[in-house]
>>> print(open('query-v6.pdb').read())   # PDB, C-alpha atoms and all ligand atoms
ATOM      1  CA  MET A  24     -25.817 110.495 242.431  1.00  0.00           C
ATOM      2  CA  PHE A  25     -25.409 112.387 239.173  1.00  0.00           C
ATOM      3  CA  ARG A  26     -25.043 110.945 235.676  1.00  0.00           C
ATOM      4  CA  ILE A  27     -24.227 112.929 232.521  1.00  0.00           C
ATOM      5  CA  GLY A  28     -24.862 111.980 228.882  1.00  0.00           C
ATOM      6  CA  GLN A  29     -24.324 113.555 225.496  1.00  0.00           C
ATOM      7  CA  GLY A  30     -25.890 113.052 222.087  1.00  0.00           C
ATOM      8  CA  PHE A  31     -25.056 114.025 218.522  1.00  0.00           C
ATOM      9  CA  ASP A  32     -27.082 113.423 215.344  1.00  0.00           C
ATOM     10  CA  VAL A  33     -27.263 114.530 211.712  1.00  0.00           C
ATOM     11  CA  HIS A  34     -30.078 114.232 209.154  1.00  0.00           C
ATOM     12  CA  GLN A  35     -30.109 115.167 205.503  1.00  0.00           C
ATOM     13  CA  LEU A  36     -32.449 117.899 204.226  1.00  0.00           C
ATOM     14  CA  ALA A  37     -34.699 116.801 201.359  1.00  0.00           C
ATOM     15  CA  GLU A  38     -37.653 118.162 199.440  1.00  0.00           C
ATOM     16  CA  GLY A  39     -41.113 116.782 200.128  1.00  0.00           C
ATOM     17  CA  ARG A  40     -40.595 116.229 203.845  1.00  0.00           C
ATOM     18  CA  PRO A  41     -41.946 118.251 206.796  1.00  0.00           C
ATOM     19  CA  LEU A  42     -39.269 119.904 208.952  1.00  0.00           C
ATOM     20  CA  ILE A  43     -39.815 118.638 212.509  1.00  0.00           C
ATOM     21  CA  ILE A  44     -37.320 119.758 215.137  1.00  0.00           C
ATOM     22  CA  GLY A  45     -37.842 119.591 218.885  1.00  0.00           C
ATOM     23  CA  GLY A  46     -41.310 118.175 218.335  1.00  0.00           C
ATOM     24  CA  ILE A  47     -42.354 121.323 216.437  1.00  0.00           C
ATOM     25  CA  GLU A  48     -43.173 121.552 212.723  1.00  0.00           C
ATOM     26  CA  ILE A  49     -41.241 124.463 211.236  1.00  0.00           C
ATOM     27  CA  PRO A  50     -42.375 125.967 207.920  1.00  0.00           C
ATOM     28  CA  TYR A  51     -39.539 125.455 205.393  1.00  0.00           C
ATOM     29  CA  GLU A  52     -39.022 124.362 201.782  1.00  0.00           C
ATOM     30  CA  LYS A  53     -37.322 121.104 202.889  1.00  0.00           C
ATOM     31  CA  GLY A  54     -37.542 118.618 205.739  1.00  0.00           C
ATOM     32  CA  LEU A  55     -35.254 116.075 207.351  1.00  0.00           C
ATOM     33  CA  LEU A  56     -34.880 112.615 205.855  1.00  0.00           C
ATOM     34  CA  GLY A  57     -34.820 109.510 208.044  1.00  0.00           C
ATOM     35  CA  HIS A  58     -36.465 106.215 208.831  1.00  0.00           C
ATOM     36  CA  SER A  59     -38.515 108.069 211.480  1.00  0.00           C
ATOM     37  CA  ASP A  60     -39.754 111.668 211.297  1.00  0.00           C
ATOM     38  CA  ALA A  61     -36.008 112.480 211.606  1.00  0.00           C
ATOM     39  CA  ASP A  62     -36.398 114.933 214.492  1.00  0.00           C
ATOM     40  CA  VAL A  63     -32.687 115.515 214.908  1.00  0.00           C
ATOM     41  CA  LEU A  64     -33.033 117.417 218.190  1.00  0.00           C
ATOM     42  CA  LEU A  65     -35.234 114.840 219.938  1.00  0.00           C
ATOM     43  CA  HIS A  66     -32.856 112.108 218.729  1.00  0.00           C
ATOM     44  CA  THR A  67     -29.876 113.815 220.371  1.00  0.00           C
ATOM     45  CA  ILE A  68     -31.783 114.281 223.622  1.00  0.00           C
ATOM     46  CA  ALA A  69     -32.820 110.602 223.571  1.00  0.00           C
ATOM     47  CA  ASP A  70     -29.207 109.567 222.922  1.00  0.00           C
ATOM     48  CA  ALA A  71     -27.973 111.830 225.731  1.00  0.00           C
ATOM     49  CA  CYS A  72     -30.509 110.274 228.147  1.00  0.00           C
ATOM     50  CA  LEU A  73     -29.537 106.747 227.078  1.00  0.00           C
ATOM     51  CA  GLY A  74     -25.871 107.673 227.449  1.00  0.00           C
ATOM     52  CA  ALA A  75     -26.456 108.983 230.959  1.00  0.00           C
ATOM     53  CA  ILE A  76     -27.994 105.681 232.124  1.00  0.00           C
ATOM     54  CA  GLY A  77     -25.486 103.572 230.165  1.00  0.00           C
ATOM     55  CA  ALA A  78     -28.184 102.094 227.910  1.00  0.00           C
ATOM     56  CA  GLY A  79     -26.619 102.423 224.457  1.00  0.00           C
ATOM     57  CA  ASP A  80     -28.246 104.538 221.760  1.00  0.00           C
ATOM     58  CA  ILE A  81     -31.520 105.016 219.883  1.00  0.00           C
ATOM     59  CA  GLY A  82     -30.383 102.779 217.026  1.00  0.00           C
ATOM     60  CA  LYS A  83     -30.138  99.934 219.558  1.00  0.00           C
ATOM     61  CA  HIS A  84     -33.596 100.585 221.021  1.00  0.00           C
ATOM     62  CA  PHE A  85     -35.346 101.554 217.762  1.00  0.00           C
ATOM     63  CA  PRO A  86     -33.485  99.904 214.841  1.00  0.00           C
ATOM     64  CA  ASP A  87     -33.866 101.653 211.479  1.00  0.00           C
ATOM     65  CA  THR A  88     -34.361  98.195 209.930  1.00  0.00           C
ATOM     66  CA  ASP A  89     -37.577  97.688 211.948  1.00  0.00           C
ATOM     67  CA  PRO A  90     -40.729  98.688 210.017  1.00  0.00           C
ATOM     68  CA  ALA A  91     -42.346  99.471 213.395  1.00  0.00           C
ATOM     69  CA  PHE A  92     -40.269 102.662 213.485  1.00  0.00           C
ATOM     70  CA  LYS A  93     -40.892 103.745 209.876  1.00  0.00           C
ATOM     71  CA  ASP A  94     -42.110 107.369 210.017  1.00  0.00           C
ATOM     72  CA  ALA A  95     -42.104 107.075 213.832  1.00  0.00           C
ATOM     73  CA  ASP A  96     -42.991 110.124 215.885  1.00  0.00           C
ATOM     74  CA  SER A  97     -39.691 110.876 217.656  1.00  0.00           C
ATOM     75  CA  ALA A  98     -41.630 112.358 220.583  1.00  0.00           C
ATOM     76  CA  LYS A  99     -42.954 108.847 221.251  1.00  0.00           C
ATOM     77  CA  LEU A 100     -39.415 107.435 221.049  1.00  0.00           C
ATOM     78  CA  LEU A 101     -38.174 110.047 223.540  1.00  0.00           C
ATOM     79  CA  GLU A 102     -41.109 109.293 225.867  1.00  0.00           C
ATOM     80  CA  HIS A 103     -40.091 105.620 225.812  1.00  0.00           C
ATOM     81  CA  VAL A 104     -36.462 106.525 226.589  1.00  0.00           C
ATOM     82  CA  TRP A 105     -37.579 108.846 229.382  1.00  0.00           C
ATOM     83  CA  ALA A 106     -39.627 106.015 230.936  1.00  0.00           C
ATOM     84  CA  LEU A 107     -36.404 103.931 231.056  1.00  0.00           C
ATOM     85  CA  VAL A 108     -34.623 106.821 232.805  1.00  0.00           C
ATOM     86  CA  ARG A 109     -37.429 107.110 235.375  1.00  0.00           C
ATOM     87  CA  GLU A 110     -37.460 103.327 235.939  1.00  0.00           C
ATOM     88  CA  GLN A 111     -33.827 103.618 236.987  1.00  0.00           C
ATOM     89  CA  GLY A 112     -34.769 106.278 239.540  1.00  0.00           C
ATOM     90  CA  TYR A 113     -33.410 109.385 237.821  1.00  0.00           C
ATOM     91  CA  GLU A 114     -34.880 112.809 237.170  1.00  0.00           C
ATOM     92  CA  LEU A 115     -33.601 115.630 234.985  1.00  0.00           C
ATOM     93  CA  VAL A 116     -31.376 118.358 236.409  1.00  0.00           C
ATOM     94  CA  ASN A 117     -31.045 120.147 233.054  1.00  0.00           C
ATOM     95  CA  ALA A 118     -30.536 119.636 229.338  1.00  0.00           C
ATOM     96  CA  ASP A 119     -28.558 121.919 227.049  1.00  0.00           C
ATOM     97  CA  CYS A 120     -28.950 121.473 223.291  1.00  0.00           C
ATOM     98  CA  THR A 121     -27.582 123.042 220.114  1.00  0.00           C
ATOM     99  CA  ILE A 122     -29.167 122.857 216.654  1.00  0.00           C
ATOM    100  CA  ILE A 123     -26.615 123.403 213.880  1.00  0.00           C
ATOM    101  CA  ALA A 124     -28.440 124.753 210.829  1.00  0.00           C
ATOM    102  CA  GLN A 125     -27.676 127.422 208.262  1.00  0.00           C
ATOM    103  CA  LYS A 126     -31.414 127.834 207.607  1.00  0.00           C
ATOM    104  CA  PRO A 127     -34.172 128.237 208.617  1.00  0.00           C
ATOM    105  CA  LYS A 128     -33.977 130.591 211.585  1.00  0.00           C
ATOM    106  CA  MET A 129     -34.790 128.598 214.717  1.00  0.00           C
ATOM    107  CA  ALA A 130     -35.112 131.554 217.117  1.00  0.00           C
ATOM    108  CA  PRO A 131     -38.899 132.027 216.622  1.00  0.00           C
ATOM    109  CA  TYR A 132     -39.505 128.373 217.569  1.00  0.00           C
ATOM    110  CA  ILE A 133     -37.124 127.914 220.506  1.00  0.00           C
ATOM    111  CA  GLU A 134     -39.673 128.612 223.274  1.00  0.00           C
ATOM    112  CA  GLN A 135     -42.172 126.195 221.741  1.00  0.00           C
ATOM    113  CA  MET A 136     -39.452 123.534 221.486  1.00  0.00           C
ATOM    114  CA  LYS A 137     -38.488 124.033 225.147  1.00  0.00           C
ATOM    115  CA  GLU A 138     -42.093 123.624 226.247  1.00  0.00           C
ATOM    116  CA  ARG A 139     -42.579 120.502 224.112  1.00  0.00           C
ATOM    117  CA  ILE A 140     -39.342 118.913 225.367  1.00  0.00           C
ATOM    118  CA  ALA A 141     -40.180 119.794 228.983  1.00  0.00           C
ATOM    119  CA  GLY A 142     -43.535 118.036 228.547  1.00  0.00           C
ATOM    120  CA  LEU A 143     -41.783 114.907 227.262  1.00  0.00           C
ATOM    121  CA  LEU A 144     -39.144 114.954 230.035  1.00  0.00           C
ATOM    122  CA  GLN A 145     -41.684 115.776 232.787  1.00  0.00           C
ATOM    123  CA  CYS A 146     -39.848 118.919 233.898  1.00  0.00           C
ATOM    124  CA  ASN A 147     -40.095 122.715 233.715  1.00  0.00           C
ATOM    125  CA  PRO A 148     -39.111 124.547 230.507  1.00  0.00           C
ATOM    126  CA  GLU A 149     -36.482 126.390 232.618  1.00  0.00           C
ATOM    127  CA  GLN A 150     -34.586 123.088 232.864  1.00  0.00           C
ATOM    128  CA  ILE A 151     -34.267 122.919 229.074  1.00  0.00           C
ATOM    129  CA  ASN A 152     -32.013 125.178 227.012  1.00  0.00           C
ATOM    130  CA  VAL A 153     -32.121 125.074 223.224  1.00  0.00           C
ATOM    131  CA  LYS A 154     -29.636 127.067 221.160  1.00  0.00           C
ATOM    132  CA  ALA A 155     -29.085 127.363 217.420  1.00  0.00           C
ATOM    133  CA  THR A 156     -26.044 128.249 215.380  1.00  0.00           C
ATOM    134  CA  THR A 157     -25.077 128.386 211.734  1.00  0.00           C
ATOM    135  CA  THR A 158     -21.679 127.170 210.585  1.00  0.00           C
ATOM    136  CA  GLU A 159     -21.095 130.446 208.704  1.00  0.00           C
ATOM    137  CA  LYS A 160     -21.935 128.697 205.388  1.00  0.00           C
ATOM    138  CA  LEU A 161     -19.123 126.166 205.924  1.00  0.00           C
ATOM    139  CA  GLY A 162     -19.481 122.397 205.545  1.00  0.00           C
ATOM    140  CA  PHE A 163     -22.610 120.305 204.914  1.00  0.00           C
ATOM    141  CA  THR A 164     -24.718 122.284 207.353  1.00  0.00           C
ATOM    142  CA  GLY A 165     -23.472 125.562 205.879  1.00  0.00           C
ATOM    143  CA  ARG A 166     -24.403 124.386 202.366  1.00  0.00           C
ATOM    144  CA  GLY A 167     -27.883 123.525 203.627  1.00  0.00           C
ATOM    145  CA  GLU A 168     -27.460 119.814 202.901  1.00  0.00           C
ATOM    146  CA  GLY A 169     -28.382 118.744 206.416  1.00  0.00           C
ATOM    147  CA  ILE A 170     -28.976 119.752 210.012  1.00  0.00           C
ATOM    148  CA  ALA A 171     -26.995 118.547 213.015  1.00  0.00           C
ATOM    149  CA  SER A 172     -27.777 118.704 216.698  1.00  0.00           C
ATOM    150  CA  GLN A 173     -26.041 117.998 219.963  1.00  0.00           C
ATOM    151  CA  ALA A 174     -27.288 117.739 223.532  1.00  0.00           C
ATOM    152  CA  VAL A 175     -25.986 117.223 227.044  1.00  0.00           C
ATOM    153  CA  VAL A 176     -28.229 116.042 229.872  1.00  0.00           C
ATOM    154  CA  LEU A 177     -27.544 115.851 233.591  1.00  0.00           C
ATOM    155  CA  LEU A 178     -29.606 113.417 235.659  1.00  0.00           C
ATOM    156  CA  SER A 179     -29.830 113.068 239.417  1.00  0.00           C
ATOM    157  CA  SER A 180     -30.880 110.001 241.342  1.00  0.00           C
ATOM    158  CA  MET A 181     -34.035 110.347 243.434  1.00  0.00           C
ATOM    159  CA  LYS A 182     -32.745 107.636 245.830  1.00  0.00           C
TER
HETATM  160  N1  LIG A 201     -30.542 128.242 212.230  1.00  0.00           N
HETATM  161  C1  LIG A 201     -30.255 129.228 213.101  1.00  0.00           C
HETATM  162  C2  LIG A 201     -28.968 129.669 213.336  1.00  0.00           C
HETATM  163  C3  LIG A 201     -28.758 130.692 214.208  1.00  0.00           C
HETATM  164  N2  LIG A 201     -29.798 131.255 214.872  1.00  0.00           N
HETATM  165  C4  LIG A 201     -29.607 132.412 215.791  1.00  0.00           C
HETATM  166  O1  LIG A 201     -28.698 133.330 215.220  1.00  0.00           O
HETATM  167  C5  LIG A 201     -27.602 133.588 216.100  1.00  0.00           C
HETATM  168  C6  LIG A 201     -26.336 133.833 215.326  1.00  0.00           C
HETATM  169  O2  LIG A 201     -25.941 132.644 214.647  1.00  0.00           O
HETATM  170  P1  LIG A 201     -24.411 132.465 214.216  1.00  0.00           P
HETATM  171  O3  LIG A 201     -24.300 131.120 213.619  1.00  0.00           O
HETATM  172  O4  LIG A 201     -24.161 133.562 213.244  1.00  0.00           O
HETATM  173  O5  LIG A 201     -23.599 132.593 215.464  1.00  0.00           O
HETATM  174  C7  LIG A 201     -27.562 132.392 217.017  1.00  0.00           C
HETATM  175  O6  LIG A 201     -26.980 132.683 218.259  1.00  0.00           O
HETATM  176  C8  LIG A 201     -29.032 132.044 217.144  1.00  0.00           C
HETATM  177  O7  LIG A 201     -29.634 132.850 218.115  1.00  0.00           O
HETATM  178  C9  LIG A 201     -31.066 130.784 214.641  1.00  0.00           C
HETATM  179  O8  LIG A 201     -32.053 131.284 215.229  1.00  0.00           O
HETATM  180  N3  LIG A 201     -31.275 129.781 213.753  1.00  0.00           N
HETATM  181  C1  LIG A 202     -34.956 106.833 214.868  1.00  0.00           C
HETATM  182  C2  LIG A 202     -34.500 105.727 213.937  1.00  0.00           C
HETATM  183  C3  LIG A 202     -35.570 104.629 213.926  1.00  0.00           C
HETATM  184  O1  LIG A 202     -36.722 105.016 213.193  1.00  0.00           O
HETATM  185  O2  LIG A 202     -34.301 106.101 212.586  1.00  0.00           O
HETATM  186  P1  LIG A 202     -33.834 107.489 211.895  1.00  0.00           P
HETATM  187  O3  LIG A 202     -35.016 108.407 211.798  1.00  0.00           O
HETATM  188  O4  LIG A 202     -33.183 107.167 210.584  1.00  0.00           O
HETATM  189  O5  LIG A 202     -32.807 108.195 212.880  1.00  0.00           O
HETATM  190  P2  LIG A 202     -31.272 107.913 213.213  1.00  0.00           P
HETATM  191  O6  LIG A 202     -30.839 109.009 214.143  1.00  0.00           O
HETATM  192  O7  LIG A 202     -30.492 107.754 211.958  1.00  0.00           O
HETATM  193  O8  LIG A 202     -31.230 106.514 213.997  1.00  0.00           O
HETATM  194  C4  LIG A 202     -32.122 106.053 214.974  1.00  0.00           C
HETATM  195  C5  LIG A 202     -33.124 105.141 214.311  1.00  0.00           C
HETATM  196  O9  LIG A 202     -32.926 103.836 214.412  1.00  0.00           O
END
>>> encode(input="query-v6.pdb", output="structure tokens")
Amino acid sequence: MFRIGQGFDVHQLAEGRPLIIGGIEIPYEKGLLGHSDADVLLHTIADACLGAIGAGDIGKHFPDTDPAFKDADSAKLLEHVWALVREQGYELVNADCTIIAQKPKMAPYIEQMKERIAGLLQCNPEQINVKATTTEKLGFTGRGEGIASQAVVLLSSMK
């Protein structure tokens, strides 16, 4: 049996924060603001996984009102979500993700992100695709006010 899920997330860019996307720290003048480390890409993958198993969203599992998740490492949150997926007997077919950011250039970091995500989802980097696009300077992403991300995951049942 196959199950599909999708995720979408946005975080604001702010000074004085590290920019962490896909579990990788990217050198940049600003970072993403959130209750956690605000890793917008890992959040969308977690949401897509939760969607695929019909388990709600990351806000339900890791409320932003809970001090336990203040400055949380999103890689740990995704590992927890992935354990739920595995408990239900699913494995990853593939994940396809898009980072929507005017700046900085993501291309130099894409391979590292794929490897990090594959490690978290216990699969091969070939099963993970990460893309990036600008919005041609249009909208909040185009003005550099924030970064968005979306992801689709396909799971298959091992039963
Ligand atoms: N933050 C970004 C945005 C884009 N890229 C790469 O540039 C290509 C062209 O982007 P357009 O928005 O002009 O289509 C895109 O396909 C990515 O390869 C990037 O690395 N980082
Ligand atoms: C990850 C959590 C929890 O620390 O907080 P944020 O980093 O603010 O992220 P968001 O995508 O807004 O929602 C999920 C959260 O509850």
>>> closest_residue(input="query-v6.pdb", among="A:Ile170, A:Leu178, A:Met136, A:Ala124", to="ligand LIG 201 (chain A)", atoms="all atoms listed in the file")
A:Ala124
>>> atom_distance(input="query-v6.pdb", atom1="CA of Leu42 in chain A", atom2="CA of Leu73 in chain A")
24.4 Å
>>> atom_distance(input="query-v6.pdb", atom1="CA of Leu177 in chain A", atom2="CA of Gly77 in chain A")
12.9 Å
>>> residues_around(input="query-v6.pdb", residues="Pro148 in chain A", least_positions_apart="4", cutoff="12 Å", atoms="only C-alpha atoms", output="ChimeraX atom specification")
/A:115-119,133-144,152-153
>>> axis_aligned_box(input="query-v6.pdb", around="ligand LIG 201 (chain A)", padding_each_side="3 Å", output="lines of an AutoDock Vina configuration file")
center_x = -27.8
center_y = 131.0
center_z = 215.2
size_x = 14.5
size_y = 11.6
size_z = 12.0
>>> closest_residue(input="query-v6.pdb", among="A:Thr121, A:Ser97, A:Thr157, A:Gln29", to="ligand LIG 202 (chain A)", atoms="all atoms listed in the file")
A:Ser97
>>> closest_residue(input="query-v6.pdb", among="A:Gly30, A:Gly39, A:Gly74, A:Gly162", to="ligand LIG 202 (chain A)", atoms="all atoms listed in the file")
A:Gly30
>>> residues_around(input="query-v6.pdb", residues="Ala98 in chain A", least_positions_apart="3", cutoff="8 Å", atoms="only C-alpha atoms", output="NGL selection string")
:A and (46 or 65 or 101-102 or 143)
>>> closest_atom_pairs(input="query-v6.pdb", of="chain A", to="ligand LIG 201 (chain A)", cutoff="9 Å", atoms="only C-alpha atoms and all ligand atoms", output="Markdown table")
| residue | atom | partner | partner_atom | distance |
| --- | --- | --- | --- | --- |
| A:Ile122 | CA | A:LIG201 | N1 | 7.1 |
| A:Ile123 | CA | A:LIG201 | N1 | 6.4 |
| A:Ala124 | CA | A:LIG201 | N1 | 4.3 |
| A:Gln125 | CA | A:LIG201 | N1 | 5.0 |
| A:Lys126 | CA | A:LIG201 | N1 | 4.7 |
| A:Pro127 | CA | A:LIG201 | N1 | 5.1 |
| A:Lys128 | CA | A:LIG201 | N3 | 3.6 |
| A:Met129 | CA | A:LIG201 | N3 | 3.8 |
| A:Ala130 | CA | A:LIG201 | O8 | 3.6 |
| A:Pro131 | CA | A:LIG201 | O8 | 7.0 |
| A:Tyr132 | CA | A:LIG201 | O8 | 8.3 |
| A:Ile133 | CA | A:LIG201 | O8 | 8.1 |
| A:Lys154 | CA | A:LIG201 | C8 | 6.4 |
| A:Ala155 | CA | A:LIG201 | C3 | 4.6 |
| A:Thr156 | CA | A:LIG201 | O3 | 3.8 |
| A:Thr157 | CA | A:LIG201 | O3 | 3.4 |
| A:Thr158 | CA | A:LIG201 | O3 | 5.6 |
| A:Glu159 | CA | A:LIG201 | O3 | 5.9 |
| A:Lys160 | CA | A:LIG201 | O3 | 8.9 |
| A:Ile170 | CA | A:LIG201 | N1 | 8.9 |
>>> residues_near_ligand(input="query-v6.pdb", ligand="ligand LIG 202 (chain A)", cutoff="6 Å", atoms="only C-alpha atoms and all ligand atoms", output="VMD selection string")
chain A and resid 32 57 to 61 66 81 to 82 85 to 87 92 to 93 95
>>> write_last_selection(input="query-v6.pdb", atoms="C-alpha atoms", output="PDB file, in the coordinates of the input")
ATOM      1  CA  ASP A  32     -27.082 113.423 215.344  1.00  0.00           C
ATOM      2  CA  GLY A  57     -34.820 109.510 208.044  1.00  0.00           C
ATOM      3  CA  HIS A  58     -36.465 106.215 208.831  1.00  0.00           C
ATOM      4  CA  SER A  59     -38.515 108.069 211.480  1.00  0.00           C
ATOM      5  CA  ASP A  60     -39.754 111.668 211.297  1.00  0.00           C
ATOM      6  CA  ALA A  61     -36.008 112.480 211.606  1.00  0.00           C
ATOM      7  CA  HIS A  66     -32.856 112.108 218.729  1.00  0.00           C
ATOM      8  CA  ILE A  81     -31.520 105.016 219.883  1.00  0.00           C
ATOM      9  CA  GLY A  82     -30.383 102.779 217.026  1.00  0.00           C
ATOM     10  CA  PHE A  85     -35.346 101.554 217.762  1.00  0.00           C
ATOM     11  CA  PRO A  86     -33.485  99.904 214.841  1.00  0.00           C
ATOM     12  CA  ASP A  87     -33.866 101.653 211.479  1.00  0.00           C
ATOM     13  CA  PHE A  92     -40.269 102.662 213.485  1.00  0.00           C
ATOM     14  CA  LYS A  93     -40.892 103.745 209.876  1.00  0.00           C
ATOM     15  CA  ALA A  95     -42.104 107.075 213.832  1.00  0.00           C
TER      16      ALA A  95
END
>>> closest_residue(input="query-v6.pdb", among="A:Ala37, A:Ala171, A:Val176, A:Ile43", to="Gln150 in chain A", atoms="all atoms listed in the file")
A:Val176
>>> atom_distance(input="query-v6.pdb", atom1="CA of Ile151 in chain A", atom2="CA of Leu64 in chain A")
12.3 Å
>>> residues_around(input="query-v6.pdb", residues="Leu107 in chain A", least_positions_apart="3", cutoff="12 Å", atoms="all atoms listed in the file", output="VMD selection string")
chain A and resid 69 72 to 79 84 100 to 104 110 to 114 144
>>> write_last_selection(input="query-v6.pdb", atoms="C-alpha atoms", output="short mmCIF file (atom, residue, chain, number, x, y, z; two decimals), in the coordinates of the input")
data_model
loop_
_atom_site.label_atom_id
_atom_site.label_comp_id
_atom_site.auth_asym_id
_atom_site.auth_seq_id
_atom_site.Cartn_x
_atom_site.Cartn_y
_atom_site.Cartn_z
CA ALA A 69 -32.82 110.60 223.57
CA CYS A 72 -30.51 110.27 228.15
CA LEU A 73 -29.54 106.75 227.08
CA GLY A 74 -25.87 107.67 227.45
CA ALA A 75 -26.46 108.98 230.96
CA ILE A 76 -27.99 105.68 232.12
CA GLY A 77 -25.49 103.57 230.16
CA ALA A 78 -28.18 102.09 227.91
CA GLY A 79 -26.62 102.42 224.46
CA HIS A 84 -33.60 100.58 221.02
CA LEU A 100 -39.42 107.44 221.05
CA LEU A 101 -38.17 110.05 223.54
CA GLU A 102 -41.11 109.29 225.87
CA HIS A 103 -40.09 105.62 225.81
CA VAL A 104 -36.46 106.52 226.59
CA GLU A 110 -37.46 103.33 235.94
CA GLN A 111 -33.83 103.62 236.99
CA GLY A 112 -34.77 106.28 239.54
CA TYR A 113 -33.41 109.38 237.82
CA GLU A 114 -34.88 112.81 237.17
CA LEU A 144 -39.14 114.95 230.04
#
>>> closest_residue(input="query-v6.pdb", among="A:Glu38, A:Asp70, A:Glu168, A:Asp89", to="Gly54 in chain A", atoms="only C-alpha atoms")
A:Glu38
